[in-house]
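A.B. asks: I'm passing along coords21.tsv; it holds TSV, C-alpha atoms.
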chain	number	residue	atom	x	y	z
A	1	MET	CA	-45.01	43.58	27.31
A	2	ALA	CA	-48.42	42.11	28.13
A	3	LEU	CA	-49.32	38.81	26.56
A	4	ALA	CA	-52.80	37.59	25.74
A	5	PRO	CA	-53.84	34.26	27.17
A	6	ILE	CA	-51.32	31.64	26.14
A	7	GLU	CA	-52.06	28.00	25.51
A	8	VAL	CA	-49.50	25.26	25.43
A	9	LEU	CA	-49.86	22.77	22.62
A	10	VAL	CA	-48.04	19.45	22.66
A	11	ILE	CA	-47.76	17.74	19.29
A	12	SER	CA	-46.71	14.11	19.39
A	13	PHE	CA	-45.13	12.23	16.51
A	14	PRO	CA	-45.30	8.41	16.37
A	15	GLY	CA	-41.99	6.86	17.27
A	16	ASN	CA	-40.41	10.29	17.94
A	17	GLN	CA	-40.13	10.74	14.16
A	18	PHE	CA	-40.54	14.43	13.35
A	19	SER	CA	-40.49	14.51	9.56
A	20	GLY	CA	-41.54	18.09	8.95
A	21	GLY	CA	-44.77	17.04	7.23
A	22	ILE	CA	-46.76	19.26	9.58
A	23	ILE	CA	-44.79	22.41	8.71
A	24	PRO	CA	-46.91	23.52	5.70
A	25	GLU	CA	-50.06	23.49	7.84
A	26	ILE	CA	-48.34	25.39	10.65
A	27	GLU	CA	-47.04	27.93	8.10
A	28	ARG	CA	-50.61	28.36	6.81
A	29	LEU	CA	-51.97	28.94	10.33
A	30	VAL	CA	-49.23	31.45	11.16
A	31	GLY	CA	-49.61	33.17	7.77
A	32	ASN	CA	-53.37	33.59	8.32
A	33	ASP	CA	-52.77	34.98	11.83
A	34	THR	CA	-54.76	32.08	13.25
A	35	ILE	CA	-51.91	31.25	15.63
A	36	THR	CA	-48.68	32.80	16.76
A	37	ILE	CA	-45.88	30.57	17.91
A	38	ILE	CA	-43.83	32.25	20.60
A	39	ASP	CA	-41.62	29.40	21.75
A	40	GLY	CA	-40.90	25.81	20.96
A	41	LEU	CA	-38.90	22.86	22.13
A	42	LEU	CA	-38.25	19.42	20.68
A	43	VAL	CA	-38.73	16.73	23.32
A	44	THR	CA	-37.76	13.15	22.53
A	45	GLN	CA	-38.03	10.08	24.68
A	46	ASP	CA	-35.97	6.95	24.07
A	47	ALA	CA	-37.09	3.35	24.64
A	48	ASP	CA	-35.75	3.48	28.22
A	49	GLY	CA	-37.92	6.52	28.97
A	50	GLU	CA	-35.04	9.01	29.04
A	51	VAL	CA	-36.19	12.44	27.91
A	52	THR	CA	-34.00	14.74	25.79
A	53	LEU	CA	-34.83	18.43	25.42
A	54	THR	CA	-33.53	20.36	22.41
A	55	GLU	CA	-34.11	23.98	21.45
A	56	PHE	CA	-34.83	24.34	17.73
A	57	GLU	CA	-31.83	26.57	17.18
A	58	GLU	CA	-29.63	23.79	18.61
A	59	LEU	CA	-30.63	21.41	15.81
A	60	GLY	CA	-28.34	23.14	13.34
A	61	ALA	CA	-28.71	22.22	9.67
A	62	ASP	CA	-31.91	20.19	10.07
A	63	ASN	CA	-34.09	21.87	7.41
A	64	ASP	CA	-37.38	20.85	9.03
A	65	ALA	CA	-36.35	22.21	12.42
A	66	ALA	CA	-35.00	25.40	10.84
A	67	ALA	CA	-38.30	25.97	9.01
A	68	LEU	CA	-40.21	25.52	12.25
A	69	ALA	CA	-37.82	27.78	14.18
A	70	ASP	CA	-38.38	30.53	11.57
A	71	LEU	CA	-42.09	30.56	12.45
A	72	MET	CA	-41.47	31.45	16.08
A	73	ASN	CA	-41.49	34.88	17.70
A	74	GLN	CA	-38.85	34.00	20.26
A	75	LEU	CA	-39.38	35.07	23.86
A	76	ASP	CA	-36.56	33.79	26.03
A	77	SER	CA	-37.44	31.44	28.87
A	78	LEU	CA	-41.18	31.55	28.34
A	79	ILE	CA	-41.40	27.81	28.98
A	80	SER	CA	-39.34	26.78	31.99
A	81	ASP	CA	-37.42	23.54	32.36
A	82	ASP	CA	-39.96	22.47	35.00
A	83	ASP	CA	-42.79	23.12	32.52
A	84	VAL	CA	-41.04	20.98	29.93
A	85	ALA	CA	-40.45	18.15	32.40
A	86	THR	CA	-44.12	18.24	33.39
A	87	LEU	CA	-45.25	18.20	29.74
A	88	ALA	CA	-42.91	15.30	28.92
A	89	GLU	CA	-44.21	13.35	31.91
A	90	MET	CA	-47.82	14.02	30.89
A	91	GLN	CA	-47.06	12.86	27.34
A	92	ALA	CA	-45.49	9.63	28.64
A	93	GLN	CA	-48.55	9.03	30.84
A	94	MET	CA	-50.89	9.57	27.87
A	95	GLU	CA	-48.89	7.08	25.78
A	96	ALA	CA	-49.04	4.53	28.62
A	97	MET	CA	-52.80	5.03	28.94
A	98	LYS	CA	-53.25	4.50	25.19
A	99	ALA	CA	-51.28	1.26	25.40
A	100	GLN	CA	-53.43	0.06	28.31
A	101	GLN	CA	-56.66	0.92	26.49
A	102	ALA	CA	-55.72	-1.03	23.38
A	103	PRO	CA	-58.14	-3.93	23.01
A	104	PRO	CA	-56.65	-7.34	23.68
A	105	PRO	CA	-56.08	-9.51	20.65
A	106	PRO	CA	-59.09	-11.67	19.82
A	107	ALA	CA	-59.05	-15.14	21.28
A	108	PRO	CA	-58.59	-17.86	18.71
A	109	ALA	CA	-61.87	-19.38	17.66
A	110	ALA	CA	-62.57	-22.78	19.09
A	111	ALA	CA	-62.06	-25.47	16.54
A	112	ALA	CA	-65.33	-26.88	15.31
A	113	PRO	CA	-65.65	-30.63	15.68
A	114	ALA	CA	-64.71	-32.63	12.62
A	115	GLY	CA	-67.58	-33.76	10.39
A	116	ASP	CA	-67.91	-37.29	11.81
A	117	ASP	CA	-67.53	-36.07	15.38
A	118	LEU	CA	-70.17	-33.39	14.81
A	119	MET	CA	-72.64	-35.93	13.43
A	120	THR	CA	-71.94	-38.21	16.41
A	121	GLN	CA	-72.50	-35.38	18.88
A	122	LEU	CA	-75.71	-34.27	17.15
A	123	SER	CA	-76.93	-37.85	17.19
A	124	LYS	CA	-76.23	-38.10	20.93
A	125	LEU	CA	-78.13	-34.85	21.49
A	126	ALA	CA	-81.10	-36.22	19.54
A	127	ASP	CA	-80.99	-39.40	21.65
A	128	LEU	CA	-80.94	-37.36	24.88
A	129	LYS	CA	-83.94	-35.35	23.67
A	130	ALA	CA	-85.81	-38.50	22.63
A	131	ALA	CA	-85.11	-40.01	26.05
A	132	GLY	CA	-86.57	-36.91	27.73
A	133	VAL	CA	-83.26	-35.84	29.26
A	134	LEU	CA	-83.25	-32.59	27.25
A	135	ASP	CA	-86.29	-30.42	26.58
A	136	ASP	CA	-86.74	-28.51	23.29
A	137	ALA	CA	-84.97	-25.35	24.54
A	138	GLU	CA	-82.01	-27.26	25.96
A	139	PHE	CA	-81.69	-29.30	22.77
A	140	ALA	CA	-81.80	-26.16	20.59
A	141	ALA	CA	-79.17	-24.40	22.72
A	142	ALA	CA	-76.82	-27.41	22.73
A	143	LYS	CA	-77.26	-27.89	18.98
A	144	ALA	CA	-76.56	-24.20	18.29
A	145	LYS	CA	-73.43	-24.42	20.42
A	146	LEU	CA	-72.19	-27.45	18.46
A	147	LEU	CA	-72.92	-25.76	15.14
A	148	GLY	CA	-71.30	-22.52	16.26
A	149	THR	CA	-74.41	-20.43	15.66
Mind converting the file's structure to structure tokens?

C.D. replies:
Amino acid sequence: MALAPIEVLVISFPGNQFSGGIIPEIERLVGNDTITIIDGLLVTQDADGEVTLTEFEELGADNDAAALADLMNQLDSLISDDDVATLAEMQAQMEAMKAQQAPPPPAPAAAAPAGDDLMTQLSKLADLKAAGVLDDAEFAAAKAKLLGT
């Protein structure tokens, strides 16, 4: 039997928590002949990075898995164990890249000087400007820095 071009789709669920919420949409796509599912495999990865592979029919009474398995036109051994290992490794790499790309938490804002300290520092700046130590631009920049603007 000749098969048209086949694409592999990996669907990831946060925290390895497959709840079945995606099943109605998959049923709609299959029902409209938008997609045909010919094979499937549940891949989970624990906190230590150990990967577990489970065929849908091995999940037994799990209603969500059974509903998904019913949507498949089974072709035995279409996806090899090596393919699955490669896909699981790629998924782990993508998760690691996402974690690395997460922006660092914002640095805590520097505490503004207390009211009296601020007035003292502004007064000192004014004295330095009056004495000719600071020009207008330097005074404005130092004042803005003190005021946090």

A.B. asks: Could you state the separation of CA of Leu146 in chain A and CA of Thr120 in chain A in Å, given to one decimal place?

C.D. replies: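 CA of Thr120 in chain A lies 11.0 Å from CA of Leu146 in chain A.
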
A.B. asks: Show me, as a PDB file with C-alpha atoms, in the frame of the given file, the residues that have an atom within 10 Å of Glu89 in chain A when counting only C-alpha atoms, minus same-chain residues fewer than 5 positions from it.

C.D. replies:
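Produced file around19.pdb, reproduced below:
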ATOM      1  CA  GLY A  49     -37.920   6.520  28.970  1.00  0.00           C
ATOM      2  CA  VAL A  51     -36.190  12.440  27.910  1.00  0.00           C
ATOM      3  CA  ASP A  83     -42.790  23.120  32.520  1.00  0.00           C
ATOM      4  CA  VAL A  84     -41.040  20.980  29.930  1.00  0.00           C
ATOM      5  CA  MET A  94     -50.890   9.570  27.870  1.00  0.00           C
ATOM      6  CA  GLU A  95     -48.890   7.080  25.780  1.00  0.00           C
TER       7      GLU A  95
END

A.B. asks: I'd like to know which of A:Leu147, A:Leu87, A:Val133, A:Val10 is closest to Asp117 in chain A, using all atoms listed in the file.

C.D. replies: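 Looking only at the distances to Asp117 in chain A, the closest residue turns out to be A:Leu147.
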
A.B. asks: For Ser12 in chain A, which residue among A:Ile35, A:Leu42, A:Leu29, A:Asp136 is the nearest when counting only C-alpha atoms?

C.D. replies: A:Leu42

A.B. asks: Would you mind reading off the distance between CA of Phe13 in chain A and CA of Lys98 in chain A, one decimal, in Å?

C.D. replies: 14.2 Å

A.B. asks: For Lys145 in chain A, which of A:Ala131, A:Ala126, A:Ala96, A:Leu118 is the closest residue, counting all atoms listed in the file?

C.D. replies: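 Nearest to Lys145 in chain A: A:Leu118.
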
A.B. asks: State, in Å with one decimal place, the distance from CA of Ala69 in chain A to CA of Asp39 in chain A.

C.D. replies: 8.6 Å

A.B. asks: Find, counting all atoms listed in the file, the residue in A:Gln101, A:Asp82, A:Gln91, A:Leu71 that gets nearest to Asp33 in chain A.

C.D. replies: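 So, comparing all the options, the nearest one is A:Leu71.
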